[in-house]
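Participant: As input, take input-v6.cif (mmCIF, C-alpha atoms and all ligand atoms):
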```
data_input
#
loop_
_atom_site.label_atom_id
_atom_site.label_comp_id
_atom_site.auth_asym_id
_atom_site.auth_seq_id
_atom_site.Cartn_x
_atom_site.Cartn_y
_atom_site.Cartn_z
CA MET A 19 64.26 115.97 98.04
CA ILE A 20 64.64 112.30 98.96
CA VAL A 21 68.27 111.47 99.61
CA ASN A 22 69.11 107.78 99.26
CA ARG A 23 71.26 107.26 102.33
CA LYS A 24 71.15 103.45 102.04
CA VAL A 25 74.02 103.38 99.58
CA LEU A 26 77.41 103.88 101.20
CA THR A 27 80.21 105.25 99.07
CA LEU A 28 83.76 103.93 99.47
CA ASP A 29 84.71 107.11 101.30
CA GLU A 30 81.77 106.86 103.70
CA PHE A 31 82.44 103.16 104.28
CA THR A 32 86.13 103.58 105.04
CA ILE A 33 85.39 106.49 107.38
CA GLN A 34 82.66 104.42 109.09
CA GLN A 35 85.16 101.59 109.56
CA LEU A 36 87.31 104.03 111.51
CA ARG A 37 84.66 104.03 114.25
CA ASN A 38 85.58 100.41 114.98
CA PHE A 39 89.16 101.47 115.71
CA PRO A 40 89.09 104.54 118.01
CA HIS A 41 92.87 104.73 118.00
CA ALA A 42 93.21 104.43 114.22
CA THR A 43 94.96 107.31 112.51
CA GLY A 44 92.81 107.01 109.39
CA GLU A 45 95.88 106.49 107.21
CA LEU A 46 94.73 103.14 105.84
CA SER A 47 91.28 104.55 105.05
CA SER A 48 92.96 107.45 103.31
CA LEU A 49 95.20 105.10 101.32
CA LEU A 50 92.21 103.05 100.18
CA ARG A 51 90.42 106.21 99.07
CA ASP A 52 93.54 107.20 97.13
CA ILE A 53 93.44 103.84 95.35
CA GLY A 54 89.78 104.45 94.55
CA LEU A 55 90.66 107.81 92.99
CA ALA A 56 93.40 106.29 90.79
CA ALA A 57 91.02 103.49 89.81
CA LYS A 58 88.42 106.01 88.62
CA ARG A 59 91.02 107.73 86.48
CA VAL A 60 92.20 104.44 84.97
CA ASN A 61 88.60 103.40 84.39
CA VAL A 62 88.02 106.46 82.19
CA GLU A 63 90.89 105.49 79.90
CA VAL A 64 90.07 101.76 79.88
CA ASN A 65 86.50 102.53 78.87
CA LYS A 66 87.56 104.61 75.88
CA ALA A 67 90.74 102.72 75.04
CA GLY A 68 89.40 101.85 71.62
CA LEU A 69 88.78 105.50 70.77
CA VAL A 70 92.03 107.18 71.66
CA ASP A 71 95.64 106.43 70.95
CA ILE A 72 96.13 104.53 74.16
CA LEU A 73 95.78 101.04 72.79
CA GLY A 74 98.63 98.88 71.69
CA ASP A 75 102.25 98.68 72.72
CA ASP A 76 104.23 101.55 74.08
CA GLY A 77 107.29 100.09 72.43
CA SER A 78 109.08 99.00 75.61
CA VAL A 79 109.48 95.66 77.38
CA ASN A 80 108.96 95.37 81.15
CA VAL A 81 111.01 93.55 83.75
CA GLN A 82 108.95 90.47 83.02
CA GLY A 83 110.04 90.56 79.39
CA GLU A 84 106.47 91.39 78.33
CA ASP A 85 105.53 94.03 75.77
CA VAL A 86 104.33 97.04 77.73
CA LYS A 87 100.96 98.38 76.66
CA LYS A 88 100.35 102.14 76.72
CA LEU A 89 97.53 101.61 79.20
CA ASP A 90 99.93 99.72 81.50
CA VAL A 91 102.12 102.80 81.69
CA PHE A 92 99.17 105.12 82.21
CA ALA A 93 97.74 102.95 85.00
CA ASN A 94 101.10 102.59 86.70
CA ASN A 95 101.60 106.36 86.65
CA GLN A 96 98.14 106.98 88.07
CA PHE A 97 98.53 104.64 91.06
CA THR A 98 102.10 105.75 91.75
CA GLY A 99 101.19 109.43 91.49
CA VAL A 100 98.12 109.28 93.72
CA LEU A 101 99.94 107.32 96.42
CA GLN A 102 103.01 109.55 96.28
CA HIS A 103 100.90 112.68 96.75
CA GLY A 104 98.76 111.08 99.45
CA ILE A 105 99.53 111.09 103.19
CA SER A 106 99.56 107.36 103.84
CA CYS A 107 102.16 105.67 101.67
CA ALA A 108 105.94 105.61 102.20
CA GLY A 109 106.66 103.86 98.93
CA ILE A 110 105.47 101.48 96.24
CA ALA A 111 106.58 98.45 94.26
CA SER A 112 104.93 97.73 90.93
CA GLU A 113 104.86 94.75 88.59
CA GLU A 114 105.71 97.28 85.88
CA ILE A 115 108.83 98.67 87.59
CA ASP A 116 112.18 96.91 88.16
CA ASP A 117 112.64 97.99 91.77
CA TYR A 118 110.66 99.58 94.60
CA ILE A 119 110.27 103.36 94.86
CA ALA A 120 110.68 104.96 98.30
CA PHE A 121 109.07 108.38 98.42
CA GLU A 122 111.51 111.02 99.72
CA ASP A 123 109.17 113.79 100.91
CA GLU A 124 108.76 114.22 104.67
CA VAL A 125 105.02 113.37 104.72
CA SER A 126 105.63 110.09 102.89
CA LYS A 127 108.63 109.23 105.06
CA HIS A 128 106.37 109.53 108.11
CA SER A 129 103.65 107.35 106.50
CA LYS A 130 102.88 103.93 107.95
CA TYR A 131 102.25 101.86 104.85
CA VAL A 132 103.77 100.64 101.60
CA CYS A 133 101.74 99.43 98.63
CA LEU A 134 102.59 96.78 96.03
CA TYR A 135 100.50 96.42 92.91
CA ASP A 136 100.01 95.17 89.42
CA PRO A 137 98.57 98.35 87.91
CA LEU A 138 96.88 96.66 84.97
CA ASP A 139 96.78 92.89 84.96
CA GLY A 140 95.73 91.09 81.81
CA SER A 141 96.72 94.02 79.63
CA GLY A 142 97.23 91.66 76.71
CA ASN A 143 93.41 91.53 76.66
CA ILE A 144 93.00 95.30 76.27
CA ASP A 145 93.09 95.25 72.48
CA VAL A 146 90.33 92.63 72.32
CA ASN A 147 88.04 94.24 74.89
CA VAL A 148 88.27 91.54 77.54
CA SER A 149 87.98 92.67 81.18
CA ILE A 150 91.24 93.62 82.90
CA GLY A 151 92.13 94.67 86.41
CA THR A 152 94.36 96.23 89.04
CA ILE A 153 95.60 94.18 92.00
CA PHE A 154 97.11 95.66 95.19
CA GLY A 155 98.41 94.74 98.61
CA VAL A 156 99.11 97.04 101.57
CA TYR A 157 101.74 96.32 104.23
CA LYS A 158 102.68 98.17 107.38
CA ARG A 159 106.31 99.24 107.00
CA VAL A 160 108.84 97.61 109.33
CA THR A 161 111.41 100.43 109.22
CA PRO A 162 111.14 103.48 111.54
CA LEU A 163 108.71 106.26 110.61
CA GLY A 164 110.66 109.27 109.39
CA SER A 165 113.22 107.14 107.60
CA THR A 166 113.09 106.36 103.90
CA ALA A 167 111.30 103.08 103.19
CA SER A 168 113.69 100.26 102.31
CA ARG A 169 113.69 96.78 100.83
CA GLU A 170 112.55 94.96 103.95
CA ASP A 171 109.38 97.06 103.97
CA PHE A 172 108.46 95.48 100.64
CA LEU A 173 109.80 91.93 100.96
CA GLN A 174 107.29 90.81 103.59
CA ALA A 175 105.32 87.57 103.65
CA GLY A 176 101.74 88.00 102.45
CA VAL A 177 100.41 87.22 105.92
CA GLN A 178 101.70 90.67 106.90
CA GLN A 179 99.26 92.46 104.59
CA VAL A 180 96.87 94.79 106.42
CA ALA A 181 94.68 95.13 103.34
CA ALA A 182 94.49 93.82 99.79
CA GLY A 183 92.15 94.30 96.89
CA TYR A 184 91.53 94.58 93.21
CA ILE A 185 89.61 96.62 90.67
CA VAL A 186 87.93 94.79 87.78
CA TYR A 187 87.26 96.99 84.77
CA GLY A 188 84.46 94.88 83.36
CA SER A 189 80.79 95.11 82.44
CA SER A 190 80.76 97.32 85.49
CA THR A 191 83.81 98.59 87.35
CA MET A 192 84.17 97.12 90.82
CA LEU A 193 86.63 97.71 93.62
CA VAL A 194 86.87 94.84 96.09
CA TYR A 195 89.08 95.05 99.15
CA ALA A 196 89.74 93.01 102.24
CA THR A 197 91.01 93.81 105.68
CA ARG A 198 91.12 91.22 108.44
CA ARG A 199 87.55 92.29 109.27
CA GLY A 200 86.07 91.24 105.95
CA VAL A 201 85.83 91.56 102.20
CA ASN A 202 83.61 94.25 100.67
CA GLY A 203 82.79 95.10 97.07
CA PHE A 204 82.01 98.52 95.64
CA THR A 205 80.54 99.18 92.20
CA LEU A 206 81.36 102.42 90.41
CA ASP A 207 78.24 104.53 89.82
CA PRO A 208 79.28 106.61 86.79
CA SER A 209 76.40 109.03 87.36
CA ILE A 210 78.03 110.29 90.56
CA GLY A 211 81.60 109.07 90.02
CA GLU A 212 81.63 107.17 93.29
CA PHE A 213 82.32 103.54 94.23
CA CYS A 214 79.18 102.43 96.11
CA LEU A 215 78.92 99.45 98.45
CA SER A 216 77.21 96.73 96.40
CA HIS A 217 78.66 93.48 97.81
CA PRO A 218 78.96 93.75 101.61
CA ASP A 219 80.82 91.06 103.54
CA ILE A 220 81.69 88.79 100.59
CA LYS A 221 82.12 85.11 101.50
CA CYS A 222 83.50 82.54 99.08
CA PRO A 223 81.11 79.55 98.91
CA ASP A 224 82.74 76.50 100.48
CA ALA A 225 82.08 74.55 97.29
CA GLY A 226 81.52 75.50 93.68
CA ASN A 227 81.41 73.92 90.26
CA ILE A 228 83.72 76.20 88.32
CA TYR A 229 87.33 75.30 87.66
CA SER A 230 89.65 77.72 85.89
CA VAL A 231 92.91 76.57 84.29
CA ASN A 232 94.69 76.88 80.96
CA HIS A 233 94.09 73.47 79.39
CA GLY A 234 96.67 74.28 76.72
CA HIS A 235 99.41 73.47 79.24
CA PHE A 236 97.78 70.21 80.43
CA PHE A 237 100.54 67.84 79.33
CA ARG A 238 103.17 70.04 81.03
CA TYR A 239 101.43 69.97 84.45
CA GLU A 240 102.53 67.60 87.20
CA LYS A 241 100.49 64.38 87.51
CA GLY A 242 98.58 65.51 90.61
CA VAL A 243 97.29 68.59 88.75
CA GLN A 244 96.33 66.47 85.74
CA ASP A 245 94.51 64.06 88.07
CA TYR A 246 92.57 66.90 89.68
CA ILE A 247 91.60 68.41 86.32
CA GLN A 248 90.31 65.01 85.20
CA ARG A 249 88.34 64.67 88.45
CA CYS A 250 86.73 68.03 87.64
CA GLN A 251 85.88 66.82 84.15
CA GLY A 252 84.36 63.64 85.57
CA LYS A 253 82.08 65.29 88.14
CA THR A 254 78.41 64.36 87.89
CA LYS A 255 75.28 65.16 89.91
CA GLU A 256 76.15 62.18 92.07
CA ASN A 257 79.45 63.64 93.28
CA GLY A 258 78.96 67.36 93.48
CA GLY A 259 79.02 68.12 89.77
CA PRO A 260 78.78 68.63 86.97
CA TYR A 261 81.57 71.21 86.87
CA THR A 262 82.07 73.83 84.20
CA GLN A 263 85.40 75.16 82.96
CA ARG A 264 85.69 78.96 82.81
CA TYR A 265 89.00 80.63 81.93
CA ILE A 266 89.18 84.00 80.22
CA GLY A 267 92.89 84.62 80.69
CA SER A 268 92.37 87.65 82.90
CA MET A 269 93.15 86.67 86.49
CA VAL A 270 91.15 89.45 88.14
CA SER A 271 87.98 88.42 86.28
CA ASP A 272 88.52 84.68 86.74
CA VAL A 273 89.26 84.94 90.47
CA HIS A 274 86.51 87.52 91.07
CA ARG A 275 83.91 85.23 89.49
CA ASN A 276 85.08 82.25 91.55
CA LEU A 277 85.16 84.35 94.74
CA ILE A 278 81.51 85.31 94.27
CA LYS A 279 80.12 82.04 92.84
CA GLY A 280 82.54 79.49 94.30
CA GLY A 281 85.21 77.76 92.27
CA ILE A 282 88.94 77.17 91.92
CA PHE A 283 91.54 79.05 89.87
CA MET A 284 94.83 77.37 89.03
CA TYR A 285 98.00 78.63 87.45
CA PRO A 286 100.30 75.64 88.09
CA GLY A 287 103.96 75.35 87.33
CA THR A 288 104.87 73.43 84.18
CA THR A 289 107.79 71.22 83.17
CA ASP A 290 109.36 74.16 81.33
CA LYS A 291 108.34 76.84 83.88
CA PRO A 292 108.14 75.11 87.30
CA GLU A 293 107.57 78.47 89.06
CA GLY A 294 104.58 79.21 86.82
CA LYS A 295 103.79 82.69 85.52
CA LEU A 296 102.07 84.67 88.26
CA ARG A 297 103.98 87.03 90.56
CA LEU A 298 103.88 86.32 94.29
CA MET A 299 103.94 89.94 95.49
CA TYR A 300 101.71 91.63 92.93
CA GLU A 301 99.08 89.00 92.06
CA CYS A 302 99.14 85.99 94.38
CA ASN A 303 99.56 87.54 97.84
CA PRO A 304 96.68 90.02 97.43
CA PHE A 305 94.28 87.37 96.11
CA ALA A 306 95.42 84.86 98.73
CA PHE A 307 94.68 87.38 101.49
CA ILE A 308 91.26 88.25 100.06
CA MET A 309 90.30 84.61 99.53
CA GLU A 310 91.35 83.53 103.04
CA VAL A 311 89.39 86.38 104.65
CA ALA A 312 86.40 85.29 102.52
CA GLY A 313 86.73 81.69 103.76
CA GLY A 314 88.71 80.15 100.90
CA LYS A 315 92.29 78.90 100.58
CA ALA A 316 95.38 79.71 98.52
CA THR A 317 98.55 77.61 98.13
CA ASP A 318 101.46 77.10 95.80
CA GLY A 319 100.54 73.42 95.68
CA LYS A 320 102.61 72.67 98.76
CA LYS A 321 102.33 75.56 101.21
CA ARG A 322 100.06 78.46 102.11
CA ILE A 323 100.81 81.38 99.79
CA LEU A 324 100.70 83.88 102.65
CA ASP A 325 103.49 82.03 104.48
CA ILE A 326 105.99 82.33 101.63
CA VAL A 327 108.83 84.64 102.65
CA PRO A 328 109.76 86.50 99.44
CA GLN A 329 113.39 86.68 98.30
CA LYS A 330 112.81 88.88 95.26
CA LEU A 331 110.17 91.46 94.38
CA HIS A 332 109.27 89.81 91.08
CA GLN A 333 109.47 86.17 92.03
CA ARG A 334 106.85 83.89 90.54
CA THR A 335 104.94 81.04 92.15
CA PRO A 336 102.54 78.31 91.14
CA PHE A 337 99.12 79.47 92.33
CA PHE A 338 95.96 77.63 93.40
CA VAL A 339 93.14 79.63 94.96
CA GLY A 340 89.44 79.16 95.65
CA SER A 341 86.67 77.45 97.59
CA LYS A 342 87.89 75.57 100.64
CA SER A 343 86.46 72.15 99.79
CA MET A 344 87.68 72.32 96.18
CA MET A 345 91.16 73.29 97.34
CA GLU A 346 91.14 70.36 99.77
CA GLU A 347 90.20 67.95 96.97
CA LEU A 348 93.04 69.37 94.87
CA GLU A 349 95.45 68.86 97.79
CA LEU A 350 94.41 65.18 97.97
CA CYS A 351 95.43 64.78 94.34
CA LEU A 352 98.70 66.70 94.78
CA ASN A 353 99.66 64.69 97.86
CA GLN A 354 99.05 61.26 96.30
P1 LIG B 401 97.94 82.31 80.16
C1 LIG B 401 97.44 87.93 82.23
O1 LIG B 401 98.57 88.07 81.37
C2 LIG B 401 97.86 87.00 83.35
O2 LIG B 401 98.93 87.53 84.07
C3 LIG B 401 96.66 86.74 84.26
O3 LIG B 401 95.79 87.82 84.34
C4 LIG B 401 96.01 85.53 83.63
O4 LIG B 401 95.30 84.73 84.56
C5 LIG B 401 97.21 84.77 83.06
O5 LIG B 401 98.22 85.73 82.79
C6 LIG B 401 96.85 84.04 81.78
O6 LIG B 401 98.03 83.38 81.35
O7 LIG B 401 99.33 81.71 80.09
O8 LIG B 401 96.91 81.28 80.56
O9 LIG B 401 97.54 83.09 78.95
#
```
Please express the file's structure as structure tokens.
Facilitator:
Amino acid sequence: MIVNRKVLTLDEFTIQQLRNFPHATGELSSLLRDIGLAAKRVNVEVNKAGLVDILGDDGSVNVQGEDVKKLDVFANNQFTGVLQHGISCAGIASEEIDDYIAFEDEVSKHSKYVCLYDPLDGSGNIDVNVSIGTIFGVYKRVTPLGSTASREDFLQAGVQQVAAGYIVYGSSTMLVYATRRGVNGFTLDPSIGEFCLSHPDIKCPDAGNIYSVNHGHFFRYEKGVQDYIQRCQGKTKENGGPYTQRYIGSMVSDVHRNLIKGGIFMYPGTTDKPEGKLRLMYECNPFAFIMEVAGGKATDGKKRILDIVPQKLHQRTPFFVGSKSMMEELELCLNQ
């Protein structure tokens, strides 16, 4: 029997990575495998969401004031449950939950990491079959092992992440995660139920021709953002264009596409919502970490996202992320 050993599964890859760190305890690898397990369970429900009573609202409103979808709750429970029963996570904070949860069992209290995530981003798209995703960031706790995780373990600047990633439940289901050593993408092979390495060492092209923004808010953006959008619209072959506008309203899909092909994603603040819509801890920090490791940039329009010291778990921030040269052109417009 010919065994195809060229394809590495997520488990094999994370265990192989351990060889680069002889002193590593394997806890981070174990945590990433736990996330992969939860993702596979969520994927099953996402793929059949139209067939079972898991579509639609669950009747509650989350801390963001958004209608909670049944699949949001399911996804949140899967990620929280897997991490709580794992050996690597001392606690979690979720975009779906008001406050952080510190796990009280002895194994968790002696675990090195905490995990913050948006369990199902873009869930408003579930009912219309548009791709959605999970976004996560992993931090090393700052409180002593053996104690119960506390607020300062969760309110860390994004630069303190040791890993970050996302799952995109799309035409195929992919898990992409970054550590400081690189960004790697794994595609779920349903025939064996394993995430398999399909996009090794992802780099974001320095330039691209895709810009992603909600044009419906154009007249509520600051002038520098409007100027940049109009520069994108005016690009021709002579100056690095033409550009194309792609925005499907599901951040994981929009940012994933731009990461792979090159491009810029913007969710600016507006005159009525100067902080914008996206959450620093659950959406922006993970993607900022991934994009910087892949060679791109991420700012709030003024400063590096990863340098923002959070004051609140659910704080929002304007968000600009993408190819380095496109981000630098944006910054020229914002600094005029
Ligand atoms: P708007 C989905 O609700 C989300 O949080 C992101 O996934 C997406 O990029 C953004 O909101 C879309 O927001 O205001 O453009 O519909």
Participant: Tell me which protein, DNA and RNA residues are within 12 Å of Glu30 in chain A, counting all atoms listed in the file, leaving out same-chain ones fewer than 6 positions away, and put them as number ranges by chain.
Facilitator: A: 23-24, 36-37, 47-48, 50-51, 204, 212-215
Participant: Just C-alpha atoms for this one: save the residues we selected as a PDB file, in the frame of the given file.
Facilitator:
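So the final result, stored in out21.pdb, reads:
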```
ATOM      1  CA  ARG A  23      71.260 107.260 102.330  1.00  0.00           C
ATOM      2  CA  LYS A  24      71.150 103.450 102.040  1.00  0.00           C
ATOM      3  CA  LEU A  36      87.310 104.030 111.510  1.00  0.00           C
ATOM      4  CA  ARG A  37      84.660 104.030 114.250  1.00  0.00           C
ATOM      5  CA  SER A  47      91.280 104.550 105.050  1.00  0.00           C
ATOM      6  CA  SER A  48      92.960 107.450 103.310  1.00  0.00           C
ATOM      7  CA  LEU A  50      92.210 103.050 100.180  1.00  0.00           C
ATOM      8  CA  ARG A  51      90.420 106.210  99.070  1.00  0.00           C
ATOM      9  CA  PHE A 204      82.010  98.520  95.640  1.00  0.00           C
ATOM     10  CA  GLU A 212      81.630 107.170  93.290  1.00  0.00           C
ATOM     11  CA  PHE A 213      82.320 103.540  94.230  1.00  0.00           C
ATOM     12  CA  CYS A 214      79.180 102.430  96.110  1.00  0.00           C
ATOM     13  CA  LEU A 215      78.920  99.450  98.450  1.00  0.00           C
TER      14      LEU A 215
END
```
Participant: Could you work out how far CA of Gln179 in chain A lies from CA of Phe121 in chain A, giving the answer in Å with one decimal?
Facilitator: 19.7 Å
Participant: Within 7 Å of (104.6, 101.1, 98.6) (coordinates as in the file), grab all the protein and nucleic acid residues, counting all atoms listed in the file, and write them out as a list in words.
Facilitator: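 Returned residue set, sorted by chain then number, is Cys107, Ala108, Gly109, Ile110, Ala111, Tyr131, Val132, Cys133 and Leu134 of chain A.
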Participant: Using all atoms listed in the file, find each protein or nucleic acid residue lying at most 9 Å from ligand LIG 401 (chain B); present the set as a compact mmCIF listing (two decimals) with C-alpha atoms, in the coordinates of the input.
Facilitator:
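See pocket39.txt below for the written result:
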```txt
# COMPACT_ATOMS: atom_id res chain seq x y z
CA LEU A 138 96.88 96.66 84.97
CA ASP A 139 96.78 92.89 84.96
CA GLY A 140 95.73 91.09 81.81
CA SER A 141 96.72 94.02 79.63
CA GLY A 142 97.23 91.66 76.71
CA ASN A 143 93.41 91.53 76.66
CA ILE A 150 91.24 93.62 82.90
CA GLY A 151 92.13 94.67 86.41
CA VAL A 231 92.91 76.57 84.29
CA ASN A 232 94.69 76.88 80.96
CA HIS A 233 94.09 73.47 79.39
CA GLY A 234 96.67 74.28 76.72
CA HIS A 235 99.41 73.47 79.24
CA TYR A 265 89.00 80.63 81.93
CA ILE A 266 89.18 84.00 80.22
CA GLY A 267 92.89 84.62 80.69
CA SER A 268 92.37 87.65 82.90
CA MET A 269 93.15 86.67 86.49
CA VAL A 270 91.15 89.45 88.14
CA SER A 271 87.98 88.42 86.28
CA ASP A 272 88.52 84.68 86.74
CA VAL A 273 89.26 84.94 90.47
CA PHE A 283 91.54 79.05 89.87
CA MET A 284 94.83 77.37 89.03
CA TYR A 285 98.00 78.63 87.45
CA GLY A 294 104.58 79.21 86.82
CA LYS A 295 103.79 82.69 85.52
CA LEU A 296 102.07 84.67 88.26
CA ARG A 297 103.98 87.03 90.56
CA GLU A 301 99.08 89.00 92.06
```
Participant: Which one is closest to Gly340 in chain A: A:Lys241, A:Lys279, A:Lys58, A:His128? Count all atoms listed in the file.
Facilitator: A:Lys279
Participant: Work out how far apart CA of Val62 in chain A and CA of Val194 in chain A are and give it in Å to one decimal.
Facilitator: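 Those two atoms sit 18.2 Å apart.
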Participant: Edge lengths and centre, in Å to one decimal, as JSON: that's what I need for the box along x, y and z that holds all listed atoms of range 152-169 of chain A plus 5 Å on each side.
Facilitator:
```
{"center_x": 104.0, "center_y": 101.7, "center_z": 100.3, "size_x": 29.3, "size_y": 25.1, "size_z": 32.5}
```
Participant: Which distance in Å separates CA of Phe154 in chain A and CA of Ser190 in chain A, to one decimal?
Facilitator: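 Pair CA of Phe154 in chain A / CA of Ser190 in chain A returns 19.1 Å.
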Participant: Which residues, written as a PyMOL selection string, have at least one atom at most 9 Å from range 160-176 of chain A, with all atoms listed in the file counted and residues fewer than 6 positions away on the same chain left out?
Facilitator: chain A and resi 108-111+118-134+298-299+302-304+306-307+323-331
Participant: From the options A:Val311, A:Val64, A:Ile247, A:Leu26, which residue's atoms come nearest to Val146 in chain A, counting only C-alpha atoms?
Facilitator: A:Val64
Participant: List the residues sitting within 12 Å of (80.8, 100.0, 91.7) in the file's frame, using all atoms listed in the file, as an MDAnalysis selection string.
Facilitator: chainID A and resid 25:28 54 57:58 61 185:194 202:218
Participant: Write a file of the selected residues as a compact mmCIF listing (two decimals), in the coordinates of the input, keeping C-alpha atoms.
Facilitator:
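The resulting result.txt:
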```txt
# COMPACT_ATOMS: atom_id res chain seq x y z
CA VAL A 25 74.02 103.38 99.58
CA LEU A 26 77.41 103.88 101.20
CA THR A 27 80.21 105.25 99.07
CA LEU A 28 83.76 103.93 99.47
CA GLY A 54 89.78 104.45 94.55
CA ALA A 57 91.02 103.49 89.81
CA LYS A 58 88.42 106.01 88.62
CA ASN A 61 88.60 103.40 84.39
CA ILE A 185 89.61 96.62 90.67
CA VAL A 186 87.93 94.79 87.78
CA TYR A 187 87.26 96.99 84.77
CA GLY A 188 84.46 94.88 83.36
CA SER A 189 80.79 95.11 82.44
CA SER A 190 80.76 97.32 85.49
CA THR A 191 83.81 98.59 87.35
CA MET A 192 84.17 97.12 90.82
CA LEU A 193 86.63 97.71 93.62
CA VAL A 194 86.87 94.84 96.09
CA ASN A 202 83.61 94.25 100.67
CA GLY A 203 82.79 95.10 97.07
CA PHE A 204 82.01 98.52 95.64
CA THR A 205 80.54 99.18 92.20
CA LEU A 206 81.36 102.42 90.41
CA ASP A 207 78.24 104.53 89.82
CA PRO A 208 79.28 106.61 86.79
CA SER A 209 76.40 109.03 87.36
CA ILE A 210 78.03 110.29 90.56
CA GLY A 211 81.60 109.07 90.02
CA GLU A 212 81.63 107.17 93.29
CA PHE A 213 82.32 103.54 94.23
CA CYS A 214 79.18 102.43 96.11
CA LEU A 215 78.92 99.45 98.45
CA SER A 216 77.21 96.73 96.40
CA HIS A 217 78.66 93.48 97.81
CA PRO A 218 78.96 93.75 101.61
```
Participant: Which residue gives the smallest distance to Gln35 in chain A among A:Thr288, A:Ile308, A:Gly200, A:Arg264, with all atoms listed in the file counted?
Facilitator: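 Of all the options, A:Gly200 lies closest to Gln35 in chain A.
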Participant: Mind checking which residues fall within 9 Å of Ser341 in chain A, counting all atoms listed in the file, ignoring those fewer than 5 positions away in the same chain, and posting them as a PyMOL selection string?
Facilitator: chain A and resi 222-226+276-277+280-282+309+313-315+346
Participant: Include C-alpha atoms and write out the residues we just selected as a PDB file, keeping the file's coordinate frame.
Facilitator:
```
ATOM      1  CA  CYS A 222      83.500  82.540  99.080  1.00  0.00           C
ATOM      2  CA  PRO A 223      81.110  79.550  98.910  1.00  0.00           C
ATOM      3  CA  ASP A 224      82.740  76.500 100.480  1.00  0.00           C
ATOM      4  CA  ALA A 225      82.080  74.550  97.290  1.00  0.00           C
ATOM      5  CA  GLY A 226      81.520  75.500  93.680  1.00  0.00           C
ATOM      6  CA  ASN A 276      85.080  82.250  91.550  1.00  0.00           C
ATOM      7  CA  LEU A 277      85.160  84.350  94.740  1.00  0.00           C
ATOM      8  CA  GLY A 280      82.540  79.490  94.300  1.00  0.00           C
ATOM      9  CA  GLY A 281      85.210  77.760  92.270  1.00  0.00           C
ATOM     10  CA  ILE A 282      88.940  77.170  91.920  1.00  0.00           C
ATOM     11  CA  MET A 309      90.300  84.610  99.530  1.00  0.00           C
ATOM     12  CA  GLY A 313      86.730  81.690 103.760  1.00  0.00           C
ATOM     13  CA  GLY A 314      88.710  80.150 100.900  1.00  0.00           C
ATOM     14  CA  LYS A 315      92.290  78.900 100.580  1.00  0.00           C
ATOM     15  CA  GLU A 346      91.140  70.360  99.770  1.00  0.00           C
TER      16      GLU A 346
END
```
Participant: Within 6 Å of Tyr195 in chain A, counting all atoms listed in the file, which residues qualify if same-chain residues fewer than 3 places away don't, as a PyMOL selection string?
Facilitator: chain A and resi 182-183+201-202
Participant: Can you work out which one of A:Lys291, A:Arg59, A:Lys158, A:Lys66 has the shortest atom-to-atom distance to Val100 in chain A, counting all atoms listed in the file?
Facilitator: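 Of the candidates, the smallest distance to Val100 in chain A is held by A:Arg59.
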Participant: Find the residues around Pro292 in chain A up to 10 Å (all atoms listed in the file counted), leave out those fewer than 4 positions away in its own chain, and share them as a VMD selection string.
Facilitator: chain A and resid 238 to 240 286 to 288 334 to 336
